[in-house]
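Here is the structure we will look at, set down as structure tokens.
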2 protein chains.
Amino acid sequence: MTLSDVAKQAGVSIATVSYVMNDRGGVGERTRANVLRIADELGFRLNRVASGLRTGRTQVLGLVLADITNPFYPEIAGGVIAAAAEAGFQVFLSHGGADGRLDGEVVQALCDHQCGALIFTSLVVSDGPLLSDVVPPDVPIVQTVRRIPGIRADFVGIDDRAGARDEAQHLIDLGHRDIAVLAGPSASSASSERTAGYREALAEAGVEVSPESMLECSLTGDAGYRAAQQLLESRGHAPSAVLCGNDLIALGAIDAFLAHGLSVPEHVSVAGYDDIWFASSRLVQLTTVRQPRHEMGRAAVSLALERLAQPDLPPREVIMEHELVVRRTTTRARAGTAA
Amino acid sequence: MTLSDVAKQAGVSIATVSYVMNDRGGVGERTRANVLRIADELGFRLNRVASGLRTGRTQVLGLVLADITNPFYPEIAGGVIAAAAEAGFQVFLSHGGADGRLDGEVVQALCDHQCGALIFTSLVVSDGPLLSDVVPPDVPIVQTVRRIPGIRADFVGIDDRAGARDEAQHLIDLGHRDIAVLAGPSASSASSERTAGYREALAEAGVEVSPESMLECSLTGDAGYRAAQQLLESRGHAPSAVLCGNDLIALGAIDAFLAHGLSVPEHVSVAGYDDIWFASSRLVQLTTVRQPRHEMGRAAVSLALERLAQPDLPPREVIMEHELVVRRTTTRARAGTAA
DNA sequence: GTCAATTGACGAAACGTTTAAGAAGCCGTA
DNA sequence: TACGGCTTCTTAAACGTTTCGTCAATTGAC
């Protein structure tokens with residue numbers, strides 16, 4: 001079932017059918033209607049692979065998630081897929097490498113399939129050269145969540161620093177003064193921005209964070225659990241509140257506190273970051289900062305498609321609205337613990 | 001950068017380079033090595049779109065998830081992507097329709113891009129005709145998790161009935177006799193199998209389930225919450241234990257019980273199904289039945305690729321091992337509540 | 001030394017589409 | 001009547017691969 005079949009049946013040339021199928025002008029009303037009818041009768045559909053070869057650009061986006069099983073990412077993917085579908089694009093989904101670094105082969109494979117544009121989440125600095133080497137210069141690149149410097153790529157994310165400031169301020173407003181920070185890895189731009197935001201807001205409020213109350217750990221529940229344990233051990237007593245680099249860390253920390261007989265938020269207030277699905281569950285009710293992940297995915301697609309249309313746009317960044325979501329895990333500081 | 005560039009540079013024909021790039025025989029050792037070297041120098045890579053057009057089959061799998069933001073699915077996708085990558089395949093990821101039914105356009109779009117095979121999760125019966133109409137007969141179809149009858153497709157899943165029996169038996173072994181069931185929608189083959197399994201095991205143990213203790217609800221936390229509430233209202237008192245159609249329902253039910261001042265598992269034991277990531281969180285510790293989702297994704301890819309190689313294999317089904325995971329939400333029945 | 005068999009390489013057609021260039025027909029105008 | 005300008009449609013050349021059929025060169029058997 002090809003253009004040629006339809007053409008034959010309709011008594012016109014292949015070119016005419018192609019023009020009709022692509023909604024191009026220059027075809028008479030009668031023939032257009034006729035071709036459309038016949039194509040429909042025959043159940044004809046354009047072969048996108050052939051179009052892709054001929055035009056040199058495919059209606060395909062490549063999306064590389066750091067880790068699809070991490071509950072943070074699927075909603076981004078959902079937004080990407082939805083927006084792509086509306087624009088008639090398909091989405092290749094790939095894993096990043098297990099260690100957080102990008103796998104060169106993954107990107108190569110995407111390019112082999114002539115993706116029209118590439119969207120990445122959570123790049124780290126060392127990924128930069130790889131991208132420049134492997135991705136053809138006419139393929140737009142969009143980075144989401146995290147950003148790395150010196151790379152030909154648009155960006156979509158939130159103002160992590162502002163979100164972190166909001167959250168720290170929330171704790172301060174609740175009267176907390178003995179505040180610990182369980183920060184994400186500083187290699188991540190998002191994590192370091194958040195940490196900076198926490199620091200700024202706390203400093204402005206005159207709250208000092210001792211070194212043993214400021215830990216860096218990876219972005220998992222286990223790491224959060226261990227970090228919280230270490231916090232208790234090295235400090236000897238629980239802080240009044242804890243700011244965590246993301247929700248998983250917060251969940252792990254809550255768990256650690258519970259294991260030590262400390263209840264949340266009665267003894268310790270805990271705040272996360274990201275608002276993963278689990279955080280809003282009524283069993284958890286985590287105070288956190290929401291990233292509009294679905295919309296971020298959509299925005300990433302917009303950026304990609306716009307640059308596809310106008311390749312020499314200046315580099316752009318879309319900063320989306322974040323939202324401090326106050327739930328059950330943070331509460332007013334107890335009189336005794338407010339320093 | 002095409003075959004022809006490499007050929008020119010290496011002083012051989014395009015055909016020879018193609019043979020080398022595809023690891024086909026019939027090329028001398030010297031020329032092969034030379035071509036390989038030049039291709040590498042030039043950074044040449046085969047254009048998969050062109051190969052796809054020429055051969056008529058692309059190295060691409062289409063994966064349609066019912067809902068990517070549902071925490072159940074990403075791991076399946078992870079398995080699919082991993083196995084596909086190993087076989088040199090890319091994966092198109094698509095959403096099913098919002099209402100659970102398959103969106104025809106989605107499948108069409110996948111076919112337009114000449115996917116080599118299609119993998120679906122959670123089909124419902126009404127999707128059958130759509131698939132037959134739209135998917136070319138030479139494109140293998142694999143259905144996972146749920147199955148629908150009368151469709152040209154292989155299947156991979158678990159023995160839901162057996163898993164459900166195991167779980168019901170577990171509660172019986174703990175001494176529970178007043179057991180309620182919050183079943184998933186019977187339109188889903190998986191849900192109805194589970195319900196049947198619960199029923200069988202309970203019947204064999206001589207445990208009767210009254211109509212008001214057997215509710216059907218959709219597979220969400222909210223639905224579970226409401227169903228549990230209804231349970232309490234219509235029965236007037238809490239059951240000794242509740243078997244839930246999936247983990248989300250179980251989570252919602254737990255929440256409802258807590259809201260009514262009933263603690264889990266002290267007053268009510270609750271069991272879920274699926275073992276989504278959240279269920280193993282130390283904050284929840286849900287007793288449930290694990291589906292090896294990553295491996296199911298991998299198996300789905302194997303089925304697809306095998307059928308691609310041998311189209312006239314008989315229909316096959318892969319039933320994977322499930323595992324009853326006993327955690328904190330189920331415990332021995334209190335003497336008073338054992339009927 | 002001859003001939004068949006094998007090996008290594010090549011030429012060219014095809015896959016289904018897009019699109020530049022051009023032809024044919026029609027209109028209105030001069 | 002002749003002609004420029006539209007509109008509508010067609011011809012044909014790509015896009016980058018794969019692969020069949022062919023052919024020359026080499027090998028091995030006799």
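Letters A, B, ... go to the chains of the structure tokens in the order shown; residues in each chain start at 1; ligands are counted from 1 in the same order.
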For chain B, which residues have at least one atom within 6 Å of chain A, if we go by only C-alpha atoms? Write them as a list in words, please.
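In the required form, that comes to Asn47, Arg48, Val49, Ala50, Leu53, Thr69, Pro74, Glu75, Val91, Phe92, Leu93, Asp112 and His113 of chain B.
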Write out as an MDAnalysis selection string the set of residues from segment 156-214 of chain A that DSSP, computed on the backbone, places in strand (DSSP E or B).
chainID A and resid 156:158 179:183 214
Could you list, as a list in words, the residues of chain C having an atom within 7 Å of chain A when counting only C-alpha atoms (C1' of nucleotides)?
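Close to chain A, chain C has DG16, DT17 and DT18 of chain C.
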Please return, as a list in words, all residues of chain D lying within 12 Å of chain A when only C-alpha atoms (C1' of nucleotides) are considered.
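Only these qualify: DC6, DT7, DT8, DC9, DT10, DT11, DA12, DA13, DA14, DC15, DG16 and DT17 of chain D.
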Taking every C-alpha atom in sequence order, what RMSD do you get when chain B is least-squares fitted onto chain A?
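Root-mean-square deviation of the C-alpha atoms: 0.1 Å.
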Two-atom distance - atom CA of Arg146 of chain B, atom CA of Ala66 of chain A (Å)
28.4 Å
What's the 12 Å shell around Leu305 of chain A, counting only C-alpha atoms (C1' of nucleotides), without same-chain residues fewer than 6 positions away, as a PyMOL selection string?
chain A and resi 58-61+80+83-84+86-89+115-119+139-142+154+298-299+311+313
Sorted per-residue table, chain C near segment 21-26 of chain D, closest atoms and distance, 10 Å, only C-alpha atoms (C1' of nucleotides), as CSV:
residue,atom,partner,partner_atom,distance
C:DT6,C1',D:DT26,C1',8.3
C:DT7,C1',D:DT26,C1',7.4
C:DG8,C1',D:DA25,C1',8.4
C:DA9,C1',D:DA24,C1',8.8
C:DC10,C1',D:DC23,C1',8.5
C:DG11,C1',D:DT22,C1',8.6
C:DA12,C1',D:DG21,C1',9.8
Just want the 8 Å neighbourhood of segment 159-166 of chain A, counted on only C-alpha atoms (C1' of nucleotides), with same-chain residues fewer than 4 positions away dropped. Output as a PyMOL selection string.
chain A and resi 170+190-191+193-198+200-201+289+319-324
DSSP alpha helix (DSSP H) residues within segment 27-259 of chain A, as a PyMOL selection string
chain A and resi 29-42+48-55+74-86+104-112+127-134+160-173+189-204+221-235+247-259
How many Å lie between atom CA of Gly236 of chain B and atom CA of Glu167 of chain B, rounded to one decimal?
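If I compute the distance from atom CA of Gly236 of chain B to atom CA of Glu167 of chain B, I get 25.2 Å.
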